[in-house]
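**Student:** Sharing run_37.cif (mmCIF, C-alpha atoms and all ligand atoms) below.
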```
data_my_file
#
loop_
_atom_site.group_PDB
_atom_site.id
_atom_site.type_symbol
_atom_site.label_atom_id
_atom_site.label_comp_id
_atom_site.auth_asym_id
_atom_site.auth_seq_id
_atom_site.Cartn_x
_atom_site.Cartn_y
_atom_site.Cartn_z
ATOM 1 C CA MET A 1 104.194 88.834 78.337
ATOM 2 C CA HIS A 2 102.331 91.564 80.157
ATOM 3 C CA THR A 3 105.157 93.174 82.043
ATOM 4 C CA ASN A 4 104.101 96.587 80.805
ATOM 5 C CA ASP A 5 100.394 96.174 81.471
ATOM 6 C CA PRO A 6 99.364 99.768 82.317
ATOM 7 C CA SER A 7 96.328 98.663 84.326
ATOM 8 C CA SER A 8 98.609 97.112 86.908
ATOM 9 C CA GLY A 9 99.599 100.565 88.134
ATOM 10 C CA ILE A 10 96.119 101.987 88.711
ATOM 11 C CA PRO A 11 95.768 103.232 92.311
ATOM 12 C CA PRO A 12 92.696 102.091 94.282
ATOM 13 C CA ARG A 13 91.181 105.561 94.126
ATOM 14 C CA LEU A 14 90.941 105.277 90.337
ATOM 15 C CA LEU A 15 89.631 101.740 90.045
ATOM 16 C CA HIS A 16 86.021 102.935 89.675
ATOM 17 C CA ARG A 17 86.882 104.931 86.565
ATOM 18 C CA PRO A 18 86.343 103.527 83.076
ATOM 19 C CA THR A 19 89.462 102.547 81.193
ATOM 20 C CA VAL A 20 90.459 102.518 77.548
ATOM 21 C CA GLY A 21 93.217 100.116 76.656
ATOM 22 C CA GLY A 22 94.013 99.730 80.336
ATOM 23 C CA LEU A 23 94.350 103.473 80.913
ATOM 24 C CA VAL A 24 92.043 105.373 83.239
ATOM 25 C CA VAL A 25 89.675 107.872 81.646
ATOM 26 C CA PRO A 26 89.843 111.067 83.736
ATOM 27 C CA TYR A 27 86.644 112.468 85.237
ATOM 28 C CA THR A 28 86.781 115.642 83.141
ATOM 29 C CA THR A 29 87.338 113.836 79.816
ATOM 30 C CA LEU A 30 84.709 114.595 77.202
ATOM 31 C CA ALA A 31 82.465 111.765 76.042
ATOM 32 C CA MET A 32 81.514 112.005 72.389
ATOM 33 C CA PRO A 33 77.904 111.452 71.290
ATOM 34 C CA ASP A 34 78.681 107.881 70.312
ATOM 35 C CA GLY A 35 79.906 107.188 73.820
ATOM 36 C CA ARG A 36 83.603 107.052 73.068
ATOM 37 C CA TRP A 37 85.996 109.120 75.169
ATOM 38 C CA ARG A 38 88.000 111.895 73.622
ATOM 39 C CA PHE A 39 91.283 112.047 75.504
ATOM 40 C CA GLY A 40 92.519 115.570 75.810
ATOM 41 C CA ALA A 41 89.094 117.168 75.309
ATOM 42 C CA ILE A 42 87.273 118.606 78.285
ATOM 43 C CA ASP A 43 83.734 118.214 79.536
ATOM 44 C CA TYR A 44 83.254 121.790 80.722
ATOM 45 C CA ALA A 45 80.284 121.008 82.952
ATOM 46 C CA ARG A 46 82.373 118.473 84.813
ATOM 47 C CA GLN A 47 85.359 120.799 84.918
ATOM 48 C CA THR A 48 83.184 123.518 86.471
ATOM 49 C CA THR A 49 81.860 121.060 89.026
ATOM 50 C CA ALA A 50 85.390 119.959 89.836
ATOM 51 C CA PHE A 51 86.537 123.552 90.421
ATOM 52 C CA THR A 52 83.585 124.640 92.525
ATOM 53 C CA GLU A 53 83.116 121.448 94.549
ATOM 54 C CA LYS A 54 86.852 120.777 94.882
ATOM 55 C CA LEU A 55 86.796 117.448 93.091
ATOM 56 C CA CYS A 56 89.804 115.723 91.587
ATOM 57 C CA GLN A 57 89.920 116.146 87.806
ATOM 58 C CA THR A 58 91.142 112.570 87.429
ATOM 59 C CA CYS A 59 88.978 110.469 89.758
ATOM 60 C CA GLY A 60 86.110 112.910 90.335
ATOM 61 C CA THR A 61 85.965 112.486 94.101
ATOM 62 C CA GLY A 62 86.528 115.097 96.784
ATOM 63 C CA LEU A 63 89.974 116.540 97.354
ATOM 64 C CA GLY A 64 91.626 116.685 100.755
ATOM 65 C CA ASN A 65 94.212 119.106 102.063
ATOM 66 C CA ARG A 66 96.932 117.854 99.712
ATOM 67 C CA ILE A 67 95.964 119.025 96.247
ATOM 68 C CA VAL A 68 98.246 118.760 93.231
ATOM 69 C CA PHE A 69 97.999 121.233 90.364
ATOM 70 C CA ALA A 70 99.836 121.175 87.043
ATOM 71 C CA MET A 71 100.995 124.718 86.406
ATOM 72 C CA ARG A 72 103.128 126.608 83.933
ATOM 73 C CA ASP A 73 105.602 129.218 85.063
ATOM 74 C CA THR A 74 103.126 131.912 84.100
ATOM 75 C CA ASP A 75 100.445 130.190 86.197
ATOM 76 C CA LEU A 76 102.779 129.995 89.163
ATOM 77 C CA ALA A 77 103.423 133.717 88.874
ATOM 78 C CA GLU A 78 99.679 134.265 89.234
ATOM 79 C CA LEU A 79 99.235 131.423 91.737
ATOM 80 C CA THR A 80 96.505 130.261 89.422
ATOM 81 C CA SER A 81 95.723 126.853 87.977
ATOM 82 C CA HIS A 82 93.512 126.725 84.914
ATOM 83 C CA GLU A 83 92.762 123.074 85.562
ATOM 84 C CA PRO A 84 91.118 121.482 88.593
ATOM 85 C CA GLY A 85 93.383 119.878 91.157
ATOM 86 C CA MET A 86 94.232 116.227 91.652
ATOM 87 C CA HIS A 87 94.884 113.859 94.519
ATOM 88 C CA PRO A 88 98.628 113.216 94.831
ATOM 89 C CA GLU A 89 98.186 109.580 93.793
ATOM 90 C CA CYS A 90 95.977 110.562 90.862
ATOM 91 C CA ALA A 91 98.572 113.080 89.695
ATOM 92 C CA ALA A 92 101.284 110.456 90.049
ATOM 93 C CA TYR A 93 99.246 107.985 88.021
ATOM 94 C CA SER A 94 98.607 110.545 85.292
ATOM 95 C CA ALA A 95 102.269 111.380 85.076
ATOM 96 C CA SER A 96 103.390 107.753 85.059
ATOM 97 C CA ALA A 97 100.847 106.841 82.393
ATOM 98 C CA CYS A 98 102.244 109.581 80.205
ATOM 99 C CA PRO A 99 104.708 107.626 78.043
ATOM 100 C CA MET A 100 102.163 104.927 77.318
ATOM 101 C CA LEU A 101 99.500 107.464 76.527
ATOM 102 C CA ALA A 102 101.935 109.269 74.290
ATOM 103 C CA GLY A 103 102.556 106.137 72.297
ATOM 104 C CA ARG A 104 98.875 105.426 71.929
ATOM 105 C CA MET A 105 97.785 108.943 71.233
ATOM 106 C CA SER A 106 100.298 109.433 68.439
ATOM 107 C CA HIS A 107 98.242 107.077 66.306
ATOM 108 C CA HIS A 108 95.087 109.102 66.717
ATOM 109 C CA GLN A 109 96.058 112.738 66.952
ATOM 110 C CA HIS A 110 97.154 114.821 64.006
ATOM 111 C CA THR A 111 98.558 117.733 65.949
ATOM 112 C CA PRO A 112 101.831 116.864 67.639
ATOM 113 C CA THR A 113 101.231 119.468 70.304
ATOM 114 C CA ALA A 114 97.735 118.191 71.001
ATOM 115 C CA ALA A 115 99.013 114.636 71.228
ATOM 116 C CA HIS A 116 101.805 115.733 73.467
ATOM 117 C CA LEU A 117 99.456 117.633 75.741
ATOM 118 C CA ALA A 118 96.878 114.874 75.779
ATOM 119 C CA ALA A 119 99.619 112.421 76.597
ATOM 120 C CA LEU A 120 100.433 114.410 79.668
ATOM 121 C CA ASP A 121 96.809 113.925 80.630
ATOM 122 C CA LEU A 122 96.706 117.424 81.966
ATOM 123 C CA ALA A 123 93.523 118.515 80.246
ATOM 124 C CA PHE A 124 95.174 121.301 78.315
ATOM 125 C CA HIS A 125 92.178 121.798 76.083
ATOM 126 C CA GLY A 126 90.375 123.030 79.149
ATOM 127 C CA ASP A 127 92.711 125.989 79.241
ATOM 128 C CA PRO A 128 91.292 128.607 76.888
ATOM 129 C CA THR A 129 94.682 130.281 76.653
ATOM 130 C CA THR A 130 96.202 127.195 75.035
ATOM 131 C CA GLU A 131 94.864 127.693 71.525
ATOM 132 C CA SER A 132 96.887 130.786 70.807
ATOM 133 C CA ARG A 133 100.077 129.075 71.913
ATOM 134 C CA LEU A 134 99.831 125.942 69.809
ATOM 135 C CA GLY A 135 102.935 125.743 67.699
ATOM 136 C CA GLN A 136 104.922 127.936 70.023
ATOM 137 C CA PRO A 137 107.685 126.655 72.281
ATOM 138 C CA ALA A 138 106.296 124.792 75.229
ATOM 139 C CA GLN A 139 106.500 126.429 78.610
ATOM 140 C CA ARG A 140 107.943 124.651 81.557
ATOM 141 C CA TRP A 141 105.413 122.879 83.724
ATOM 142 C CA SER A 142 105.538 122.164 87.409
ATOM 143 C CA LEU A 143 103.477 120.208 89.853
ATOM 144 C CA ALA A 144 102.357 122.377 92.760
ATOM 145 C CA TRP A 145 101.046 120.994 96.043
ATOM 146 C CA ALA A 146 98.487 123.125 97.867
ATOM 147 C CA SER A 147 96.449 122.725 101.032
ATOM 148 C CA SER A 148 93.394 124.351 99.476
ATOM 149 C CA TYR A 149 92.333 126.912 96.855
ATOM 150 C CA ARG A 150 89.589 129.315 95.965
ATOM 151 C CA PRO A 151 87.653 128.993 92.692
ATOM 152 C CA TYR A 152 87.446 132.313 90.874
ATOM 153 C CA MET A 153 86.745 133.757 87.476
ATOM 154 C CA HIS A 154 90.113 134.475 85.897
ATOM 155 C CA PRO A 155 90.106 138.063 84.619
ATOM 156 C CA ARG A 156 91.926 137.260 81.381
ATOM 157 C CA THR A 157 90.341 133.983 80.332
ATOM 158 C CA LYS A 158 86.907 134.689 81.829
ATOM 159 C CA GLN A 159 86.944 131.031 82.846
ATOM 160 C CA LEU A 160 86.908 129.367 86.211
ATOM 161 C CA ALA A 161 90.327 128.828 87.695
ATOM 162 C CA ALA A 162 91.852 127.926 91.047
ATOM 163 C CA LEU A 163 93.491 130.684 93.048
ATOM 164 C CA ILE A 164 96.072 129.381 95.517
ATOM 165 C CA LEU A 165 96.834 131.705 98.382
ATOM 166 C CA PRO A 166 100.539 132.021 99.233
ATOM 167 C CA GLU A 167 100.047 130.298 102.587
ATOM 168 C CA GLN A 168 98.242 127.425 100.834
ATOM 169 C CA LEU A 169 101.150 126.675 98.493
ATOM 170 C CA LEU A 170 103.129 123.804 99.990
ATOM 171 C CA ARG A 171 105.606 122.688 97.361
ATOM 172 C CA VAL A 172 106.509 123.195 93.703
ATOM 173 C CA ARG A 173 108.467 120.763 91.565
ATOM 174 C CA PRO A 174 109.263 121.142 87.868
ATOM 175 C CA ILE A 175 108.256 118.302 85.576
ATOM 176 C CA THR A 176 109.258 117.520 82.047
ATOM 177 C CA ALA A 177 107.167 116.002 79.324
ATOM 178 C CA THR A 178 109.287 112.914 78.972
ATOM 179 C CA SER A 179 109.644 111.769 82.543
ATOM 180 C CA GLY A 180 107.362 110.055 84.976
ATOM 181 C CA GLU A 181 109.128 111.545 87.940
ATOM 182 C CA ALA A 182 105.935 112.846 89.486
ATOM 183 C CA ALA A 183 105.179 109.364 90.734
ATOM 184 C CA SER A 184 106.820 109.602 94.089
HETATM 185 ZN ZN ZN A 201 91.739 111.750 92.431
#
```
Have the structure of the file written as structure tokens, please.

**Tutor:**
Amino acid sequence: MHTNDPSSGIPPRLLHRPTVGGLVVPYTTLAMPDGRWRFGAIDYARQTTAFTEKLCQTCGTGLGNRIVFAMRDTDLAELTSHEPGMHPECAAYSASACPMLAGRMSHHQHTPTAAHLAALDLAFHGDPTTESRLGQPAQRWSLAWASSYRPYMHPRTKQLAALILPEQLLRVRPITATSGEAAS
């Protein structure tokens, strides 16, 4: 029985990406020296390229005028995403793959929060503000749709981030860690 085969849900845009256990390895995922992928860890060179060249963090190809960002409430208040954007279908795939990733990751990660974040496939380790919050109550996350953004150096993190102008923000929808509701 392969009714839950995760590879069956991979959108065409992601078919060129490598997979591990049937799950797509995002473009910004760090490759370890031995060639294995480290889910949840970020390749900063690729993340920088994604921000500045407006590439999707999941498939690594150019974004259009419908860009999805995963943002906390505090990010929304600043209209800032600390992760590169995604194509809508790539964001939907990442969200729908979440429960399966969560099950797999729990066997390999020692930090529940890290496993949880990695399972969301939202590249949380790329957010330098995350470390200090590990172990604290999780903030609410939303998916935000934007028509474009401007890469800038965030004044607090001193890291590249995406600034969404108010007129570029199209839609915001809360997500929870346990649902795959983003796949619509
Ligand atoms: Zn994409």

**Student:** List the residues matched by the PyMOL selection byres (((not hetatm)) within 6 of (chain A and resi 201)) in the displayed structure as a list in words, ordered by chain and then by residue number.

**Tutor:**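 Output of the PyMOL selection byres (((not hetatm)) within 6 of (chain A and resi 201)): Cys56, Thr58, Cys59, Met86, His87 and Cys90 of chain A.
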
**Student:** Go through A:Arg46, A:Arg140, A:His154, A:Arg17 one by one, measure the shortest atom-to-atom distance of each to Pro174 of chain A using only C-alpha atoms, and give the residue with the smallest value.

**Tutor:** A:Arg140

**Student:** For Phe69 of chain A, list every protein, DNA or RNA residue within 10 Å, evaluated using all atoms listed in the file, and leave out those in the same chain fewer than 6 positions away; present the list as a VMD selection string.

**Tutor:** chain A and resid 56 to 57 80 to 88 91 122 142 to 146 162 164 172

**Student:** In Å to one decimal, how far is atom CA of Gly62 of chain A from atom CA of Ala50 of chain A?

**Tutor:**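 Between these atoms lies a distance of 8.6 Å.
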
**Student:** Just give me the gap between atom CA of Leu76 of chain A and atom CA of Arg38 of chain A in Å, one decimal is fine.

**Tutor:** 28.1 Å

**Student:** Counting all atoms listed in the file, which of A:Leu163, A:Pro11, A:Ile175, A:Asp34 gets nearest to Ala95 of chain A?

**Tutor:**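 Looking only at the distances to Ala95 of chain A, the closest residue turns out to be A:Ile175.
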
**Student:** Take atom CA of Ala45 of chain A and atom CA of Ala31 of chain A and report the distance between them in Å, one decimal.

**Tutor:**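 So the two atoms, atom CA of Ala45 of chain A and atom CA of Ala31 of chain A, lie 11.7 Å apart.
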
**Student:** Just need the box for segment 161-166 of chain A, edges along x, y and z, holding every atom the file lists for it with 4 Å tacked onto each side, so centre and edge lengths in Å to one decimal, as lines of an AutoDock Vina configuration file.

**Tutor:**
```
center_x = 95.4
center_y = 130.0
center_z = 93.5
size_x = 18.2
size_y = 12.1
size_z = 19.5
```

**Student:** Taking into account only C-alpha atoms, which residue in the set A:Thr74, A:Thr48, A:Ser96, A:Thr61 is nearest to Leu23 of chain A?

**Tutor:**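 For Leu23 of chain A, the nearest of the given residues is A:Ser96.
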
**Student:** Could you expand the PyMOL selection byres (((chain A and resi 19) around 12) and not hetatm) into the explicit residues it covers here, written as number ranges by chain?

**Tutor:** A: 6-7, 10, 14-18, 20-27, 29, 36-37, 39, 58-59

**Student:** Please produce a file of those selected residues containing C-alpha atoms, as a tab-separated table (two decimals), in the coordinates of the input.

**Tutor:**
```tsv
chain	number	residue	atom	x	y	z
A	6	PRO	CA	99.36	99.77	82.32
A	7	SER	CA	96.33	98.66	84.33
A	10	ILE	CA	96.12	101.99	88.71
A	14	LEU	CA	90.94	105.28	90.34
A	15	LEU	CA	89.63	101.74	90.04
A	16	HIS	CA	86.02	102.94	89.68
A	17	ARG	CA	86.88	104.93	86.56
A	18	PRO	CA	86.34	103.53	83.08
A	20	VAL	CA	90.46	102.52	77.55
A	21	GLY	CA	93.22	100.12	76.66
A	22	GLY	CA	94.01	99.73	80.34
A	23	LEU	CA	94.35	103.47	80.91
A	24	VAL	CA	92.04	105.37	83.24
A	25	VAL	CA	89.68	107.87	81.65
A	26	PRO	CA	89.84	111.07	83.74
A	27	TYR	CA	86.64	112.47	85.24
A	29	THR	CA	87.34	113.84	79.82
A	36	ARG	CA	83.60	107.05	73.07
A	37	TRP	CA	86.00	109.12	75.17
A	39	PHE	CA	91.28	112.05	75.50
A	58	THR	CA	91.14	112.57	87.43
A	59	CYS	CA	88.98	110.47	89.76
```

**Student:** Can you work out which one of A:Ile67, A:Thr28, A:Tyr93, A:Gly35 has the shortest atom-to-atom distance to Tyr149 of chain A, counting all atoms listed in the file?

**Tutor:**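 Result for the nearest residue to Tyr149 of chain A: A:Ile67.
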
**Student:** Closest to Ala92 of chain A among A:Gly60, A:Lys54, A:Glu78, A:Ala70, using all atoms listed in the file?

**Tutor:**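 Counting all atoms listed in the file, the residue closest to Ala92 of chain A is A:Ala70.
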